[in-house]
Structures are given as structure tokens and as C-alpha cells.
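Have a look at target_29.cif; it's mmCIF, C-alpha atoms; chains and numbers go by the auth columns:
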```cif
data_data
#
loop_
_atom_site.group_PDB
_atom_site.id
_atom_site.type_symbol
_atom_site.label_atom_id
_atom_site.label_comp_id
_atom_site.label_asym_id
_atom_site.label_seq_id
_atom_site.Cartn_x
_atom_site.Cartn_y
_atom_site.Cartn_z
_atom_site.B_iso_or_equiv
_atom_site.auth_seq_id
_atom_site.auth_asym_id
ATOM 1 C CA MET A 1 14.651 3.078 7.299 0.00 1240 A
ATOM 2 C CA LEU A 2 14.347 1.238 3.951 0.00 1241 A
ATOM 3 C CA ASP A 3 16.801 -1.382 5.229 0.00 1242 A
ATOM 4 C CA ASN A 4 14.557 -2.077 8.238 0.00 1243 A
ATOM 5 C CA ILE A 5 11.451 -2.332 6.067 0.00 1244 A
ATOM 6 C CA SER A 6 13.287 -4.715 3.719 0.00 1245 A
ATOM 7 C CA ARG A 7 14.429 -6.886 6.644 0.00 1246 A
ATOM 8 C CA PHE A 8 10.879 -6.944 8.005 0.00 1247 A
ATOM 9 C CA PHE A 9 9.522 -8.328 4.732 0.00 1248 A
ATOM 10 C CA LEU A 10 12.415 -10.776 4.327 0.00 1249 A
ATOM 11 C CA ASN A 11 11.484 -12.341 7.679 0.00 1250 A
ATOM 12 C CA PHE A 12 8.423 -13.755 5.905 0.00 1251 A
ATOM 13 C CA SER A 13 10.699 -15.721 3.568 0.00 1252 A
ATOM 14 C CA HIS A 14 12.575 -17.428 6.413 0.00 1253 A
ATOM 15 C CA ASP A 15 11.776 -20.748 8.031 0.00 1254 A
ATOM 16 C CA THR A 16 11.189 -19.053 11.412 0.00 1255 A
ATOM 17 C CA ILE A 17 7.954 -17.617 9.969 0.00 1256 A
ATOM 18 C CA ILE A 18 7.124 -20.161 7.246 0.00 1257 A
ATOM 19 C CA ILE A 19 7.196 -23.298 9.431 0.00 1258 A
ATOM 20 C CA PRO A 20 4.884 -21.944 12.179 0.00 1259 A
ATOM 21 C CA LEU A 21 2.603 -20.489 9.477 0.00 1260 A
ATOM 22 C CA ILE A 22 2.288 -23.884 7.809 0.00 1261 A
ATOM 23 C CA ILE A 23 1.655 -25.660 11.119 0.00 1262 A
ATOM 24 C CA ILE A 24 -0.960 -23.129 12.263 0.00 1263 A
ATOM 25 C CA GLY A 25 -2.605 -23.097 8.837 0.00 1264 A
ATOM 26 C CA TYR A 26 -2.689 -26.884 8.664 0.00 1265 A
ATOM 27 C CA ILE A 27 -4.203 -27.229 12.133 0.00 1266 A
ATOM 28 C CA TRP A 28 -6.614 -24.285 12.245 0.00 1267 A
ATOM 29 C CA ILE A 29 -7.312 -22.992 8.744 0.00 1268 A
ATOM 30 C CA ASP A 30 -7.516 -25.644 6.008 0.00 1269 A
ATOM 31 C CA ARG A 31 -5.684 -28.972 6.147 0.00 1270 A
ATOM 32 C CA LYS A 32 -6.035 -29.720 2.453 0.00 1271 A
ATOM 33 C CA VAL A 33 -4.797 -26.305 1.267 0.00 1272 A
ATOM 34 C CA PHE A 34 -1.815 -26.323 3.607 0.00 1273 A
ATOM 35 C CA PHE A 35 -0.985 -29.965 2.872 0.00 1274 A
ATOM 36 C CA HIS A 36 -0.726 -29.138 -0.833 0.00 1275 A
ATOM 37 C CA GLY A 37 1.266 -26.032 0.099 0.00 1276 A
ATOM 38 C CA ILE A 38 3.741 -28.242 1.977 0.00 1277 A
ATOM 39 C CA CYS A 39 4.014 -30.614 -0.997 0.00 1278 A
ATOM 40 C CA LEU A 40 4.642 -27.691 -3.338 0.00 1279 A
ATOM 41 C CA LEU A 41 7.173 -26.102 -1.015 0.00 1280 A
ATOM 42 C CA LEU A 42 9.206 -29.298 -0.602 0.00 1281 A
ATOM 43 C CA THR A 43 9.172 -29.934 -4.351 0.00 1282 A
ATOM 44 C CA SER A 44 10.178 -26.330 -4.962 0.00 1283 A
ATOM 45 C CA MET A 45 13.160 -26.663 -2.633 0.00 1284 A
ATOM 46 C CA LEU A 46 14.499 -29.631 -4.597 0.00 1285 A
ATOM 47 C CA LEU A 47 13.823 -27.937 -7.920 0.00 1286 A
ATOM 48 C CA ASN A 48 15.547 -24.761 -6.735 0.00 1287 A
ATOM 49 C CA LEU A 49 18.705 -26.633 -5.761 0.00 1288 A
ATOM 50 C CA ALA A 50 18.703 -28.483 -9.092 0.00 1289 A
ATOM 51 C CA LEU A 51 18.379 -25.178 -10.962 0.00 1290 A
ATOM 52 C CA LYS A 52 21.105 -23.528 -8.868 0.00 1291 A
ATOM 53 C CA ILE A 53 23.615 -26.282 -9.611 0.00 1292 A
ATOM 54 C CA THR A 54 22.596 -26.283 -13.267 0.00 1293 A
ATOM 55 C CA PHE A 55 23.111 -22.545 -13.832 0.00 1294 A
ATOM 56 C CA GLN A 56 25.835 -22.017 -11.174 0.00 1295 A
ATOM 57 C CA VAL A 57 25.443 -18.244 -10.934 0.00 1296 A
ATOM 58 C CA PRO A 58 27.586 -17.294 -7.922 0.00 1297 A
ATOM 59 C CA LEU A 59 26.267 -15.238 -5.039 0.00 1298 A
ATOM 60 C CA ALA A 60 27.439 -11.639 -4.849 0.00 1299 A
ATOM 61 C CA PRO A 61 31.012 -11.509 -3.465 0.00 1300 A
ATOM 62 C CA SER A 62 29.940 -8.780 -1.014 0.00 1301 A
ATOM 63 C CA LEU A 63 27.862 -11.370 0.878 0.00 1302 A
ATOM 64 C CA GLY A 64 30.980 -13.327 1.799 0.00 1303 A
ATOM 65 C CA LYS A 65 29.156 -16.615 1.258 0.00 1304 A
ATOM 66 C CA GLU A 66 29.691 -19.467 -1.139 0.00 1305 A
ATOM 67 C CA GLY A 67 26.772 -20.780 -3.117 0.00 1306 A
ATOM 68 C CA PHE A 68 24.618 -19.994 -6.078 0.00 1307 A
ATOM 69 C CA ALA A 69 22.171 -17.151 -6.587 0.00 1308 A
ATOM 70 C CA PHE A 70 19.934 -18.070 -9.527 0.00 1309 A
ATOM 71 C CA PRO A 71 17.063 -18.521 -8.974 0.00 1310 A
ATOM 72 C CA SER A 72 16.574 -16.991 -5.535 0.00 1311 A
ATOM 73 C CA GLY A 73 15.546 -19.734 -3.126 0.00 1312 A
ATOM 74 C CA HIS A 74 13.842 -17.354 -0.712 0.00 1313 A
ATOM 75 C CA MET A 75 11.804 -15.772 -3.496 0.00 1314 A
ATOM 76 C CA GLN A 76 10.896 -19.091 -5.094 0.00 1315 A
ATOM 77 C CA SER A 77 9.787 -20.587 -1.768 0.00 1316 A
ATOM 78 C CA SER A 78 7.788 -17.470 -0.990 0.00 1317 A
ATOM 79 C CA ILE A 79 6.105 -17.442 -4.396 0.00 1318 A
ATOM 80 C CA VAL A 80 5.251 -21.139 -4.150 0.00 1319 A
ATOM 81 C CA LEU A 81 3.843 -21.077 -0.620 0.00 1320 A
ATOM 82 C CA TYR A 82 2.191 -17.662 -0.580 0.00 1321 A
ATOM 83 C CA GLY A 83 1.153 -17.984 -4.229 0.00 1322 A
ATOM 84 C CA TRP A 84 -0.569 -21.282 -3.443 0.00 1323 A
ATOM 85 C CA LEU A 85 -2.348 -19.689 -0.489 0.00 1324 A
ATOM 86 C CA PHE A 86 -3.316 -16.711 -2.687 0.00 1325 A
ATOM 87 C CA LYS A 87 -4.805 -19.100 -5.242 0.00 1326 A
ATOM 88 C CA SER A 88 -6.506 -21.361 -2.698 0.00 1327 A
ATOM 89 C CA LEU A 89 -7.856 -19.050 -0.002 0.00 1328 A
ATOM 90 C CA ASN A 90 -10.629 -16.793 -1.238 0.00 1329 A
ATOM 91 C CA LYS A 91 -10.524 -13.899 1.213 0.00 1330 A
ATOM 92 C CA LEU A 92 -9.686 -10.453 -0.126 0.00 1331 A
ATOM 93 C CA ILE A 93 -7.700 -9.432 2.954 0.00 1332 A
ATOM 94 C CA ILE A 94 -5.483 -12.523 2.616 0.00 1333 A
ATOM 95 C CA LYS A 95 -4.893 -11.779 -1.065 0.00 1334 A
ATOM 96 C CA VAL A 96 -3.947 -8.159 -0.291 0.00 1335 A
ATOM 97 C CA ILE A 97 -1.576 -9.180 2.513 0.00 1336 A
ATOM 98 C CA ILE A 98 0.070 -11.860 0.350 0.00 1337 A
ATOM 99 C CA THR A 99 0.509 -9.417 -2.542 0.00 1338 A
ATOM 100 C CA MET A 100 2.167 -6.897 -0.222 0.00 1339 A
ATOM 101 C CA LEU A 101 4.388 -9.599 1.295 0.00 1340 A
ATOM 102 C CA LEU A 102 5.580 -10.866 -2.082 0.00 1341 A
ATOM 103 C CA ILE A 103 6.326 -7.346 -3.332 0.00 1342 A
ATOM 104 C CA GLY A 104 8.136 -6.548 -0.077 0.00 1343 A
ATOM 105 C CA ILE A 105 10.194 -9.754 -0.206 0.00 1344 A
ATOM 106 C CA SER A 106 11.227 -9.223 -3.821 0.00 1345 A
ATOM 107 C CA VAL A 107 12.167 -5.577 -3.285 0.00 1346 A
ATOM 108 C CA GLY A 108 13.974 -6.444 -0.044 0.00 1347 A
ATOM 109 C CA LEU A 109 16.090 -9.149 -1.677 0.00 1348 A
ATOM 110 C CA VAL A 110 17.292 -6.704 -4.319 0.00 1349 A
ATOM 111 C CA HIS A 111 17.578 -3.654 -2.026 0.00 1350 A
ATOM 112 C CA LEU A 112 19.749 -5.457 0.528 0.00 1351 A
ATOM 113 C CA GLY A 113 21.942 -6.879 -2.241 0.00 1352 A
ATOM 114 C CA TYR A 114 21.203 -10.562 -1.680 0.00 1353 A
ATOM 115 C CA HIS A 115 20.002 -11.005 -5.251 0.00 1354 A
ATOM 116 C CA ASN A 116 19.663 -9.069 -8.473 0.00 1355 A
ATOM 117 C CA HIS A 117 16.488 -8.623 -10.532 0.00 1356 A
ATOM 118 C CA PHE A 118 17.234 -11.668 -12.706 0.00 1357 A
ATOM 119 C CA ASP A 119 17.540 -13.962 -9.660 0.00 1358 A
ATOM 120 C CA VAL A 120 14.208 -12.689 -8.330 0.00 1359 A
ATOM 121 C CA PHE A 121 12.354 -12.778 -11.660 0.00 1360 A
ATOM 122 C CA GLY A 122 13.718 -16.268 -12.362 0.00 1361 A
ATOM 123 C CA ALA A 123 12.393 -17.444 -8.988 0.00 1362 A
ATOM 124 C CA ILE A 124 9.003 -15.835 -9.612 0.00 1363 A
ATOM 125 C CA PHE A 125 8.765 -17.522 -13.014 0.00 1364 A
ATOM 126 C CA VAL A 126 9.745 -20.963 -11.697 0.00 1365 A
ATOM 127 C CA GLY A 127 7.457 -20.623 -8.666 0.00 1366 A
ATOM 128 C CA LEU A 128 4.438 -19.613 -10.726 0.00 1367 A
ATOM 129 C CA LEU A 129 5.148 -22.351 -13.264 0.00 1368 A
ATOM 130 C CA LEU A 130 5.315 -24.925 -10.464 0.00 1369 A
ATOM 131 C CA ILE A 131 1.984 -23.728 -9.023 0.00 1370 A
ATOM 132 C CA PHE A 132 0.388 -23.851 -12.479 0.00 1371 A
ATOM 133 C CA ILE A 133 1.643 -27.384 -13.226 0.00 1372 A
ATOM 134 C CA TYR A 134 0.713 -28.653 -9.753 0.00 1373 A
ATOM 135 C CA SER A 135 -2.786 -27.149 -10.061 0.00 1374 A
ATOM 136 C CA TRP A 136 -3.227 -28.704 -13.495 0.00 1375 A
ATOM 137 C CA PHE A 137 -2.262 -32.158 -12.218 0.00 1376 A
ATOM 138 C CA LEU A 138 -4.465 -31.733 -9.146 0.00 1377 A
ATOM 139 C CA LYS A 139 -7.418 -30.792 -11.345 0.00 1378 A
ATOM 140 C CA ASN A 140 -6.918 -33.527 -13.978 0.00 1379 A
ATOM 141 C CA PHE A 141 -5.713 -36.521 -11.949 0.00 1380 A
ATOM 142 C CA LYS A 142 -6.553 -38.270 -8.726 0.00 1381 A
ATOM 143 C CA GLU A 143 -4.510 -37.121 -5.740 0.00 1382 A
ATOM 144 C CA SER A 144 -2.877 -40.545 -5.510 0.00 1383 A
ATOM 145 C CA ILE A 145 -1.586 -40.176 -9.089 0.00 1384 A
ATOM 146 C CA LEU A 146 -0.386 -36.642 -8.312 0.00 1385 A
ATOM 147 C CA PHE A 147 1.620 -37.919 -5.352 0.00 1386 A
ATOM 148 C CA LEU A 148 3.161 -40.678 -7.456 0.00 1387 A
ATOM 149 C CA ILE A 149 4.156 -38.055 -10.028 0.00 1388 A
ATOM 150 C CA LEU A 150 5.593 -35.862 -7.257 0.00 1389 A
ATOM 151 C CA LEU A 151 7.497 -38.818 -5.840 0.00 1390 A
ATOM 152 C CA LEU A 152 8.943 -39.669 -9.241 0.00 1391 A
ATOM 153 C CA PHE A 153 9.810 -36.034 -10.019 0.00 1392 A
ATOM 154 C CA SER A 154 11.419 -35.564 -6.595 0.00 1393 A
ATOM 155 C CA THR A 155 13.398 -38.783 -6.970 0.00 1394 A
ATOM 156 C CA LEU A 156 14.664 -37.664 -10.370 0.00 1395 A
ATOM 157 C CA LEU A 157 15.609 -34.276 -8.942 0.00 1396 A
ATOM 158 C CA MET A 158 17.498 -35.902 -6.066 0.00 1397 A
ATOM 159 C CA ALA A 159 19.339 -38.209 -8.467 0.00 1398 A
ATOM 160 C CA TYR A 160 20.237 -35.225 -10.673 0.00 1399 A
ATOM 161 C CA ILE A 161 21.420 -33.223 -7.647 0.00 1400 A
ATOM 162 C CA GLY A 162 23.419 -36.203 -6.385 0.00 1401 A
ATOM 163 C CA LEU A 163 25.147 -36.652 -9.732 0.00 1402 A
ATOM 164 C CA LEU A 164 26.083 -32.998 -10.199 0.00 1403 A
ATOM 165 C CA TYR A 165 26.613 -31.674 -6.674 0.00 1404 A
#
```
Exercise: express the given structure as C-alpha cells:
Amino acid sequence: MLDNISRFFLNFSHDTIIIPLIIIGYIWIDRKVFFHGICLLLTSMLLNLALKITFQVPLAPSLGKEGFAFPSGHMQSSIVLYGWLFKSLNKLIIKVIITMLLIGISVGLVHLGYHNHFDVFGAIFVGLLLIFIYSWFLKNFKESILFLILLLFSTLLMAYIGLLY
């Protein structure tokens, strides 16, 4: 039973749910909020890979997969996207649903053995830090400057990944 509940919540950290959610949100809910969510998510993906190859914590052998576990990519992506929506959309029901989703995803990742608590907490920390920094730049600079900063940061991340990976 707990395995099924965990799998249900983990579905919300997969691209099969995230991509349609972003498209629907961009078209029908709020273009600006979802555009910034997309920017954050893409930046987070690059940052997550850079952190994984920096720390090189292997995935659990029981998974039978090669790769690195820290920080959890699914948790970091979920924190960044859903955290941004939590911050940006001011409806109580959305905030409650997002809180439940994030708790369910984090518990599911640990319960099913995909990650340990450190992988999940590391992803939560990095995701929240990224949202905070992005929000600060968005508040204090023009959007065009923010996108130049994102472009530079992403380019540096890609160069770093290319050199080490």
C-alpha cells in the first residue's frame, strides 16, 4: 500500500506530468509565472548535473543503475518548479496541494530506496536556494539582465560539466 502511494507521488516528479503541467499552466494559467518556472527548471537541471559530477555520490547498488545520487534530481526539480508555483500563485488550495506533493515526493524517494535523506535534503536546500537567488535577481534587476545572468551562469555550468564529465 505504502509503495503504491509513494509511486503515485513520484509520478509528479517525472516529465510525463511536469511537461504537460508547464504547457497547460503557460497557456491557461499565467504565462509569466510559468515562463519563469521553465527558466528555473532548466537552470536547475544543469546545476544538478554539475553538483552530481562534483560530489560523485553513487546511486544505491540495489537500483542496478549507474549514475550519481547527490543531490536528488527529481527532488530538486520538484522543489524548483512546485516551489516557484507555491511562491508565485496565491491560492490556498494550490499551496496545500503543492505542500502535500513535495512531502509525498520526498518520502517516496526515500521509502522506495531511490535516495537517502541526505540526497533529498541536499536537493531541497539547492532548490530553495535557487528560487531565492532567482527571486532576488528578478526583484532587483530588469528581466533582460536576469536572462543575461542566466545565460552566463548556464554557459559556465555547461563548460564545467563538459570539462569534468
(request) Just give me the gap between atom CA of Ile1333 of chain A and atom CA of Asp1269 of chain A in Å, one decimal is fine. (result) 13.7 Å
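Rounded to one decimal, atom CA of Ile1263 of chain A and atom CA of Phe1247 of chain A lie 20.5 Å from each other.
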Please evaluate the PyMOL selection byres ((chain A and resi 1241) around 12) against the structure above and give the resulting residues as a JSON list (two decimals) with C-alpha atoms, in the frame of the given file.
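File produced: selection-v2.json:
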```json
[["chain", "number", "residue", "atom", "x", "y", "z"],
["A", 1240, "MET", "CA", 14.65, 3.08, 7.30],
["A", 1242, "ASP", "CA", 16.80, -1.38, 5.23],
["A", 1243, "ASN", "CA", 14.56, -2.08, 8.24],
["A", 1244, "ILE", "CA", 11.45, -2.33, 6.07],
["A", 1245, "SER", "CA", 13.29, -4.72, 3.72],
["A", 1246, "ARG", "CA", 14.43, -6.89, 6.64],
["A", 1247, "PHE", "CA", 10.88, -6.94, 8.01],
["A", 1248, "PHE", "CA", 9.52, -8.33, 4.73],
["A", 1343, "GLY", "CA", 8.14, -6.55, -0.08],
["A", 1346, "VAL", "CA", 12.17, -5.58, -3.28],
["A", 1347, "GLY", "CA", 13.97, -6.44, -0.04],
["A", 1348, "LEU", "CA", 16.09, -9.15, -1.68],
["A", 1349, "VAL", "CA", 17.29, -6.70, -4.32],
["A", 1350, "HIS", "CA", 17.58, -3.65, -2.03],
["A", 1351, "LEU", "CA", 19.75, -5.46, 0.53]]
```
Using only C-alpha atoms, find each residue of segment 1250-1315 of chain A with at least one atom at most 7 Å away from an atom of segment 1379-1401 of chain A; report its shortest atom-to-atom pair and that distance in Å (one decimal), sort the rows by chain and rising residue number, and return the result as CSV.
```
residue,atom,partner,partner_atom,distance
A:Thr1282,CA,A:Ser1393,CA,6.5
A:Leu1285,CA,A:Leu1396,CA,6.5
A:Leu1286,CA,A:Leu1396,CA,6.7
A:Ala1289,CA,A:Ile1400,CA,5.7
```
Residues from the last selection, C-alpha atoms, saved as a PDB file, keeping the file's coordinate frame:
```
ATOM      1  CA  THR A1282       9.172 -29.934  -4.351  1.00  0.00           C
ATOM      2  CA  LEU A1285      14.499 -29.631  -4.597  1.00  0.00           C
ATOM      3  CA  LEU A1286      13.823 -27.937  -7.920  1.00  0.00           C
ATOM      4  CA  ALA A1289      18.703 -28.483  -9.092  1.00  0.00           C
TER       5      ALA A1289
END
```
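Residues in contact with Met1314 of chain A at 8 Å, where only C-alpha atoms are counted and same-chain residues fewer than 2 positions away are skipped, are listed as Ser1252, Ser1311, Gly1312, Ser1316, Ser1317, Ile1318, Ile1344, Ser1345, Val1359, Ala1362 and Ile1363 of chain A.
The gap separating atom CA of Val1296 of chain A from atom CA of Ile1370 of chain A is 24.2 Å, in Å to one decimal.
Nearest-residue note for Leu1320 of chain A: choosing from A:Leu1402, A:Gly1361, A:Leu1281, A:Arg1270, the minimum distance belongs to A:Leu1281, counting only C-alpha atoms.
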(message) Under the rule that all atoms listed in the file are counted, which of A:Leu1288, A:Ile1258, A:Leu1340, A:Val1319 is the nearest residue to Ile1372 of chain A?
(response) A:Val1319
(request) Write out as a ChimeraX atom specification which residues come within 12 Å of Phe1273 of chain A when counting all atoms listed in the file, dropping same-chain ones fewer than 3 positions away. (result) /A:1257-1270,1276-1280,1319-1328
Might you pull out every residue within 10 Å of Ala1299 of chain A, with all atoms listed in the file counted and same-chain residues fewer than 6 positions away left off, and present them as a PDB file with C-alpha atoms, in the frame of the given file?
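To be explicit, this is the file written out as around_22.pdb:
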```pdb
ATOM      1  CA  GLU A1305      29.691 -19.467  -1.139  1.00  0.00           C
ATOM      2  CA  GLY A1306      26.772 -20.780  -3.117  1.00  0.00           C
ATOM      3  CA  PHE A1307      24.618 -19.994  -6.078  1.00  0.00           C
ATOM      4  CA  ALA A1308      22.171 -17.151  -6.587  1.00  0.00           C
ATOM      5  CA  GLY A1352      21.942  -6.879  -2.241  1.00  0.00           C
ATOM      6  CA  TYR A1353      21.203 -10.562  -1.680  1.00  0.00           C
ATOM      7  CA  HIS A1354      20.002 -11.005  -5.251  1.00  0.00           C
ATOM      8  CA  ASN A1355      19.663  -9.069  -8.473  1.00  0.00           C
TER       9      ASN A1355
END
```
(request) Select, from A:Gln1315, A:Pro1310, A:Leu1368, A:Thr1338, the residue with the minimum atom-to-atom distance to His1356 of chain A, counting all atoms listed in the file. (result) A:Pro1310
